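Asks: Got a structure for you, written out below as structure tokens; questions coming shortly.
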Protein chains: 2
Amino acid sequence: MATSFAEENYLKIIYRLSESTLEDISTNAVAELTQTKAASVTDMLRKLAEKGWVNYQKYQGVRLTEEGEKIALSVVRKHRLWEVFLVDKMGFNWDEVHEIAEQLEHIESEALINKLDEFLDFPKTDPHGDPIPNKEGILPELSYVHLSDLKENKACVLMGVAKDSAVFLQLLTRLNLSLGAKLMVKEINSFDRSISVSINDSEPVFISHEVAKNILIKLG
Amino acid sequence: MATSFAEENYLKIIYRLSESTLEDISTNAVAELTQTKAASVTDMLRKLAEKGWVNYQKYQGVRLTEEGEKIALSVVRKHRLWEVFLVDKMGFNWDEVHEIAEQLEHIESEALINKLDEFLDFPKTDPHGDPIPNKEGILPELSYVHLSDLKENKACVLMGVAKDSAVFLQLLTRLNLSLGAKLMVKEINSFDRSISVSINDSEPVFISHEVAKNILIKLG
DNA sequence: AATATTTTTTAGTCGAGGCTAAAAATTTAT
DNA sequence: ATAAATTTTTAGCCTCGACTAAAAAATATT
Ligand SMILES: [Mn+2]
Ligand SMILES: [Mn+2]
Ligand SMILES: [Mn+2]
Ligand SMILES: [Mn+2]
């Protein structure tokens with residue numbers, strides 16, 4: 001069955017919300033991310049339920065079916081592969097690609113996306129460290145930790161970000177924080193939980209708790 | 001002003017029709033190419049006229065304004081650049097790319113299309129030999145001739161096709177006819193105007209007038 | 001347990017971009 | 001110059017995906 005841009009966006013957003021909770025997703029939560037009103041969401045949820053892509057009972061919230069999740073994962077796959085393309089091949093910065101990928105993720109061609117995957121050498125993660133589903137819809141397992149949860153004097157590597165807004169990414173860039181940077185927390189200030197962190201063995205810089213929370217790292 | 005997919009498709013089609021005539025374009029001609037009904041076209045022409053992209057007076061046919069032509073050329077540029085990408089970088093055949101490019105041509109990012117242009121080494125023509133407008137909207141001058149207009153025993157090179165339907169392209173491929181092929185017309189049959197043509201110095205094969213008409217060549 | 005607040009759904013509307021059927025204008029044929 | 005045929009427009013309707021305002025249900029507070 002064919003999926004419209006609007007339907008794909010809803011499914012993708014329900015998927016994203018489902019990643020961080022086991023509970024059913026509320027109408028309002030969907031409305032916030034789709035940038036629409038709750039009434040519009042209710043309409044769409046009924047439609048998605050009719051097509052068998054979500055389980056939805058009024059007032060009970062919504063949850064993806066297997067088929068719905070499959071579609072969502074294919075949109076996520078396309079979004080992230082196109083982001084890799086834009087950064088690795090087109091020379092964009094990581095804070096410039098999200099909006100363009102929001103458009104490209106709706107291009108419908110199984111053949112194209114698989115050739116693109118190959119062209120990019122089957123990347124496991126996108127420019128923000130987010131995992132890319134393979135063509136069967138399987139996500140690679142990544143066990144990342146928030147920089148804010150790290151103890152002092154442990155070496156680690158920046159593997160991703162938990163938020164990909166342009167302003168946040170630009171801030172990281174200004175601090176010389178990019179994927180692969182070697183980090184070590186030198187000091188944690190109990191007052192505001194800000195941290196002092198050394199980046200690639202340079203002089204430590206200060207980072208707010210808010211920023212540290214959105215930086216994903218792996219140990220070692 | 002923002003342009004919808006539908007508007008871009010209409011402008012592109014009016015542009016295409018304008019290439020082969022100096023007269024105003026008829027509602028029916030547009031309807032045929034957009035695969036819609038004349039009544040729908042009338043509606044859209046009124047809308048395009050309101051936005052200043054076409055000159056349109058009822059019953060008089062339609063013609064692009066400068067601004068309308070600029071938009072049409074930018075869509076054509078995107079379409080053809082993406083086709084080059086699909087063939088040269090993704091490994092598609094020339095008969096497989098049109099449908100995908102129909103989608104990609106609507107991706108809105110000036111920055112992306114200019115980076116793509118550079119990535120592809122500023123190609124002058126697409127995989128079907130059609131000229132690609134540069135970022136100022138200037139088309140390279142190509143003076144191609146139809147193979148059906150050629151005299152016997154003149155050497156020439158296949159530079160493009162005047163029709164890019166998949167079946168036609170597949171036929172050419174089966175005949176070993178691709179861009180750059182060296183051709184020489186050995187015989188013209190006055191009965192049905194079919195021709196006998198040698199391809200890359202091999203034994204001559206028969207080609208119908210209909211096919212020859214849609215093959216573009218340059219002399220020498 | 002009753003009431004106040006918040007969330008969600010319903011009802012009705014809108015614009016975009018299609019459609020069909022009928023009317024009007026234009027073009028072609030007699 | 002009429003009449004016939006063709007083309008184009010108008011009128012009215014439809015679906016999709018939004019919206020607002022009002023009603024209903026669920027949840028929180030006293
Ligand atoms: Mn993104
Ligand atoms: Mn990303
Ligand atoms: Mn094409
Ligand atoms: Mn082409």
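Starting from 1 in every chain, residues are counted up; chains themselves are A, B, ... following the order of the structure tokens, and ligands are numbered from 1 as listed.
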Using only C-alpha atoms (C1' of nucleotides), I'd like every residue of chain A that has an atom within 10 Å of chain D; please write them out as an MDAnalysis selection string.
Replies: chainID A and resid 4 6:7 36:37 39:41 43:44 58:60
Asks: Write down, as an MDAnalysis selection string, each residue of chain B that has any atom within 10 Å of an atom of chain A, counting only C-alpha atoms.
Replies: chainID B and resid 86 89:92 97 99:104 106:109 111:119
Asks: Work out how far CA of Ala155 in chain B is from CA of Ile188 in chain B, in Å to one decimal.
Replies: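 Separation between CA of Ile188 in chain B and CA of Ala155 in chain B: 14.6 Å.
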Asks: Could you jot down the CA of Asp192 in chain A to CA of His209 in chain A separation for me, Å, one decimal place?
Replies: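 Between CA of Asp192 in chain A and CA of His209 in chain A the gap works out to 7.3 Å.
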Asks: Compile the contact shell of Leu183 in chain A as a list in words: residues with an atom at most 7 Å away, counting only C-alpha atoms (C1' of nucleotides), same-chain residues fewer than 5 positions apart removed.
Replies: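 These residues fall inside the cut-off: Ala155, Cys156, Val157, Leu158, Val197, Ser198, Ile199 and Asn200 of chain A.
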Asks: Given the selection you just returned, output its residues as a file containing N, CA, C and O atoms, formatted as a PDB file, in the first residue's frame.
Replies:
ATOM      1  N   ALA A 155      38.605   7.836  30.293  1.00  0.00           N
ATOM      2  CA  ALA A 155      38.742   8.182  28.871  1.00  0.00           C
ATOM      3  C   ALA A 155      37.522   7.679  28.112  1.00  0.00           C
ATOM      4  O   ALA A 155      36.992   6.607  28.410  1.00  0.00           O
ATOM      5  N   CYS A 156      37.065   8.459  27.145  1.00  0.00           N
ATOM      6  CA  CYS A 156      35.939   8.019  26.326  1.00  0.00           C
ATOM      7  C   CYS A 156      35.965   8.723  24.977  1.00  0.00           C
ATOM      8  O   CYS A 156      36.759   9.632  24.747  1.00  0.00           O
ATOM      9  N   VAL A 157      35.104   8.269  24.070  1.00  0.00           N
ATOM     10  CA  VAL A 157      35.061   8.812  22.717  1.00  0.00           C
ATOM     11  C   VAL A 157      33.640   9.287  22.412  1.00  0.00           C
ATOM     12  O   VAL A 157      32.677   8.602  22.732  1.00  0.00           O
ATOM     13  N   LEU A 158      33.565  10.445  21.786  1.00  0.00           N
ATOM     14  CA  LEU A 158      32.265  10.984  21.411  1.00  0.00           C
ATOM     15  C   LEU A 158      31.693  10.187  20.240  1.00  0.00           C
ATOM     16  O   LEU A 158      32.270  10.149  19.160  1.00  0.00           O
ATOM     17  N   VAL A 197      35.923  19.325  30.845  1.00  0.00           N
ATOM     18  CA  VAL A 197      36.306  18.160  30.063  1.00  0.00           C
ATOM     19  C   VAL A 197      37.433  18.494  29.090  1.00  0.00           C
ATOM     20  O   VAL A 197      37.449  19.562  28.474  1.00  0.00           O
ATOM     21  N   SER A 198      38.364  17.576  29.020  1.00  0.00           N
ATOM     22  CA  SER A 198      39.467  17.750  28.074  1.00  0.00           C
ATOM     23  C   SER A 198      39.102  17.076  26.750  1.00  0.00           C
ATOM     24  O   SER A 198      38.667  15.920  26.727  1.00  0.00           O
ATOM     25  N   ILE A 199      39.291  17.822  25.653  1.00  0.00           N
ATOM     26  CA  ILE A 199      38.928  17.319  24.331  1.00  0.00           C
ATOM     27  C   ILE A 199      40.190  17.064  23.521  1.00  0.00           C
ATOM     28  O   ILE A 199      40.993  17.966  23.311  1.00  0.00           O
ATOM     29  N   ASN A 200      40.393  15.842  23.097  1.00  0.00           N
ATOM     30  CA  ASN A 200      41.612  15.464  22.369  1.00  0.00           C
ATOM     31  C   ASN A 200      42.875  15.939  23.085  1.00  0.00           C
ATOM     32  O   ASN A 200      43.770  16.519  22.486  1.00  0.00           O
TER      33      ASN A 200
END
Asks: Could you tell me, counting only C-alpha atoms (C1' of nucleotides) and all ligand atoms, which protein and nucleic acid residues lie no more than 10 Å from ligand 4, written as a tab-separated table (two decimals) with C-alpha atoms, in the first residue's frame?
Replies:
chain	number	residue	atom	x	y	z
B	76	VAL	CA	14.74	20.72	-15.36
B	79	HIS	CA	15.83	16.50	-12.86
B	80	ARG	CA	18.76	16.11	-15.21
B	81	LEU	CA	21.48	16.42	-12.60
B	82	TRP	CA	19.81	13.76	-10.48
B	83	GLU	CA	19.61	11.54	-13.58
B	84	VAL	CA	23.36	11.90	-14.07
B	94	TRP	CA	19.50	5.06	-18.61
B	95	ASP	CA	16.04	3.53	-18.87
B	97	VAL	CA	16.18	6.78	-13.87
B	98	HIS	CA	13.35	8.95	-15.13
B	101	ALA	CA	14.25	11.82	-11.01
B	125	THR	CA	24.12	16.75	-20.64
B	126	ASP	CA	22.08	14.11	-18.86
B	127	PRO	CA	22.12	10.35	-19.60
B	128	HIS	CA	19.74	10.90	-22.52
B	129	GLY	CA	21.81	13.65	-24.09
B	130	ASP	CA	19.52	16.44	-22.87
B	131	PRO	CA	21.27	19.71	-21.97
B	132	ILE	CA	21.56	20.68	-18.29
B	160	GLY	CA	21.09	11.77	-27.38
B	161	VAL	CA	17.51	10.62	-27.70
B	162	ALA	CA	14.40	12.66	-28.41
B	163	LYS	CA	12.22	10.43	-26.25
B	164	ASP	CA	13.07	8.81	-22.96
B	165	SER	CA	10.42	6.16	-22.47
Asks: Tell me which of C:DA1, C:DA29, C:DA11, C:DC19 sits closest to chain B, counting only C-alpha atoms (C1' of nucleotides).
Replies: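 Checking each candidate against chain B, we get C:DC19 as the closest.
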Asks: For the structure I just gave you, how does DSSP split range 127-166 of chain A - specifically, which residues are strand (DSSP E or B)? Reply as a ChimeraX atom specification.
Replies: /A:131,145-146,155-161
Asks: Store the residues picked out above in a file with N, CA, C and O atoms, as a PDB file, in the first residue's frame.
Replies:
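Final output, again.pdb:
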ATOM      1  N   PRO A 131      21.896   5.134  14.845  1.00  0.00           N
ATOM      2  CA  PRO A 131      22.052   3.865  14.122  1.00  0.00           C
ATOM      3  C   PRO A 131      21.189   3.810  12.862  1.00  0.00           C
ATOM      4  O   PRO A 131      20.080   4.333  12.838  1.00  0.00           O
ATOM      5  N   VAL A 145      26.548   5.909  26.230  1.00  0.00           N
ATOM      6  CA  VAL A 145      26.263   6.458  27.551  1.00  0.00           C
ATOM      7  C   VAL A 145      26.273   7.977  27.416  1.00  0.00           C
ATOM      8  O   VAL A 145      26.977   8.521  26.578  1.00  0.00           O
ATOM      9  N   HIS A 146      25.480   8.627  28.250  1.00  0.00           N
ATOM     10  CA  HIS A 146      25.485  10.088  28.240  1.00  0.00           C
ATOM     11  C   HIS A 146      26.736  10.603  28.949  1.00  0.00           C
ATOM     12  O   HIS A 146      27.101  10.088  30.009  1.00  0.00           O
ATOM     13  N   ALA A 155      38.605   7.836  30.293  1.00  0.00           N
ATOM     14  CA  ALA A 155      38.742   8.182  28.871  1.00  0.00           C
ATOM     15  C   ALA A 155      37.522   7.679  28.112  1.00  0.00           C
ATOM     16  O   ALA A 155      36.992   6.607  28.410  1.00  0.00           O
ATOM     17  N   CYS A 156      37.065   8.459  27.145  1.00  0.00           N
ATOM     18  CA  CYS A 156      35.939   8.019  26.326  1.00  0.00           C
ATOM     19  C   CYS A 156      35.965   8.723  24.977  1.00  0.00           C
ATOM     20  O   CYS A 156      36.759   9.632  24.747  1.00  0.00           O
ATOM     21  N   VAL A 157      35.104   8.269  24.070  1.00  0.00           N
ATOM     22  CA  VAL A 157      35.061   8.812  22.717  1.00  0.00           C
ATOM     23  C   VAL A 157      33.640   9.287  22.412  1.00  0.00           C
ATOM     24  O   VAL A 157      32.677   8.602  22.732  1.00  0.00           O
ATOM     25  N   LEU A 158      33.565  10.445  21.786  1.00  0.00           N
ATOM     26  CA  LEU A 158      32.265  10.984  21.411  1.00  0.00           C
ATOM     27  C   LEU A 158      31.693  10.187  20.240  1.00  0.00           C
ATOM     28  O   LEU A 158      32.270  10.149  19.160  1.00  0.00           O
ATOM     29  N   MET A 159      30.541   9.554  20.458  1.00  0.00           N
ATOM     30  CA  MET A 159      29.970   8.676  19.438  1.00  0.00           C
ATOM     31  C   MET A 159      28.689   9.203  18.815  1.00  0.00           C
ATOM     32  O   MET A 159      28.255   8.723  17.771  1.00  0.00           O
ATOM     33  N   GLY A 160      28.053  10.166  19.504  1.00  0.00           N
ATOM     34  CA  GLY A 160      26.797  10.653  18.939  1.00  0.00           C
ATOM     35  C   GLY A 160      26.190  11.750  19.777  1.00  0.00           C
ATOM     36  O   GLY A 160      26.753  12.126  20.811  1.00  0.00           O
ATOM     37  N   VAL A 161      25.055  12.263  19.309  1.00  0.00           N
ATOM     38  CA  VAL A 161      24.325  13.288  20.063  1.00  0.00           C
ATOM     39  C   VAL A 161      22.883  12.838  20.237  1.00  0.00           C
ATOM     40  O   VAL A 161      22.350  12.105  19.413  1.00  0.00           O
TER      41      VAL A 161
END
Asks: Select all residues from chain C having any atom no more than 8 Å from an atom of chain B (counting only C-alpha atoms (C1' of nucleotides), ignoring ligands), output as a list in words.
Replies: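 Per the criterion, chain C yields DG17, DG18, DA25 and DT26 of chain C.
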Asks: What gap, in Å, lies between CA of Leu171 in chain A and CA of Ser208 in chain A?
Replies: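 So the two atoms, CA of Leu171 in chain A and CA of Ser208 in chain A, lie 11.6 Å apart.
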Asks: Please provide as number ranges by chain all residues within 9 Å of Tyr10 in chain A, with the sequence filter that same-chain residues fewer than 5 positions apart are discarded (counting only C-alpha atoms (C1' of nucleotides)).
Replies: A: 5, 15, 30, 33-34, 41, 44-45, 48, 72
Asks: So that I can check the surroundings of Ile71 in chain B, please list as an MDAnalysis selection string every protein, DNA and RNA residue that reaches within 12 Å of it, counting only C-alpha atoms (C1' of nucleotides) and ignoring chain neighbours fewer than 2 positions away.
Replies: chainID B and resid 1:5 7:15 48 52:54 64:69 73:78 105:106 108 133 135:137
Asks: Keeping only C-alpha atoms, write those residues as a CSV table (one decimal), in the first residue's frame.
Replies:
chain,number,residue,atom,x,y,z
B,1,MET,CA,7.4,32.3,-3.3
B,2,ALA,CA,7.1,28.6,-2.5
B,3,THR,CA,6.2,26.3,-5.3
B,4,SER,CA,4.2,23.0,-4.8
B,5,PHE,CA,5.1,19.8,-6.5
B,7,GLU,CA,2.9,23.7,-9.7
B,8,GLU,CA,6.4,22.7,-10.5
B,9,ASN,CA,5.2,19.8,-12.7
B,10,TYR,CA,2.8,22.1,-14.6
B,11,LEU,CA,5.6,24.7,-15.2
B,12,LYS,CA,8.0,22.0,-16.4
B,13,ILE,CA,5.5,20.6,-18.8
B,14,ILE,CA,4.5,24.0,-20.2
B,15,TYR,CA,8.2,24.6,-20.7
B,48,LEU,CA,-0.2,30.1,-12.1
B,52,GLY,CA,2.8,35.7,-12.3
B,53,TRP,CA,4.4,32.5,-13.7
B,54,VAL,CA,2.4,32.3,-16.9
B,64,LEU,CA,5.6,31.1,-19.4
B,65,THR,CA,6.6,34.4,-18.1
B,66,GLU,CA,10.3,35.1,-17.4
B,67,GLU,CA,9.9,34.1,-13.8
B,68,GLY,CA,7.9,31.0,-14.8
B,69,GLU,CA,10.6,29.9,-17.2
B,73,LEU,CA,14.5,25.6,-15.8
B,74,SER,CA,15.5,25.0,-12.2
B,75,VAL,CA,13.3,22.0,-12.1
B,76,VAL,CA,14.7,20.7,-15.4
B,77,ARG,CA,18.2,21.3,-14.0
B,78,LYS,CA,17.5,19.3,-10.9
B,105,GLU,CA,13.5,17.1,-9.0
B,106,HIS,CA,11.2,18.6,-6.3
B,108,GLU,CA,14.3,22.1,-2.4
B,133,PRO,CA,21.0,24.4,-17.4
B,135,LYS,CA,22.9,27.6,-12.0
B,136,GLU,CA,22.1,30.8,-13.8
B,137,GLY,CA,19.6,28.8,-15.9
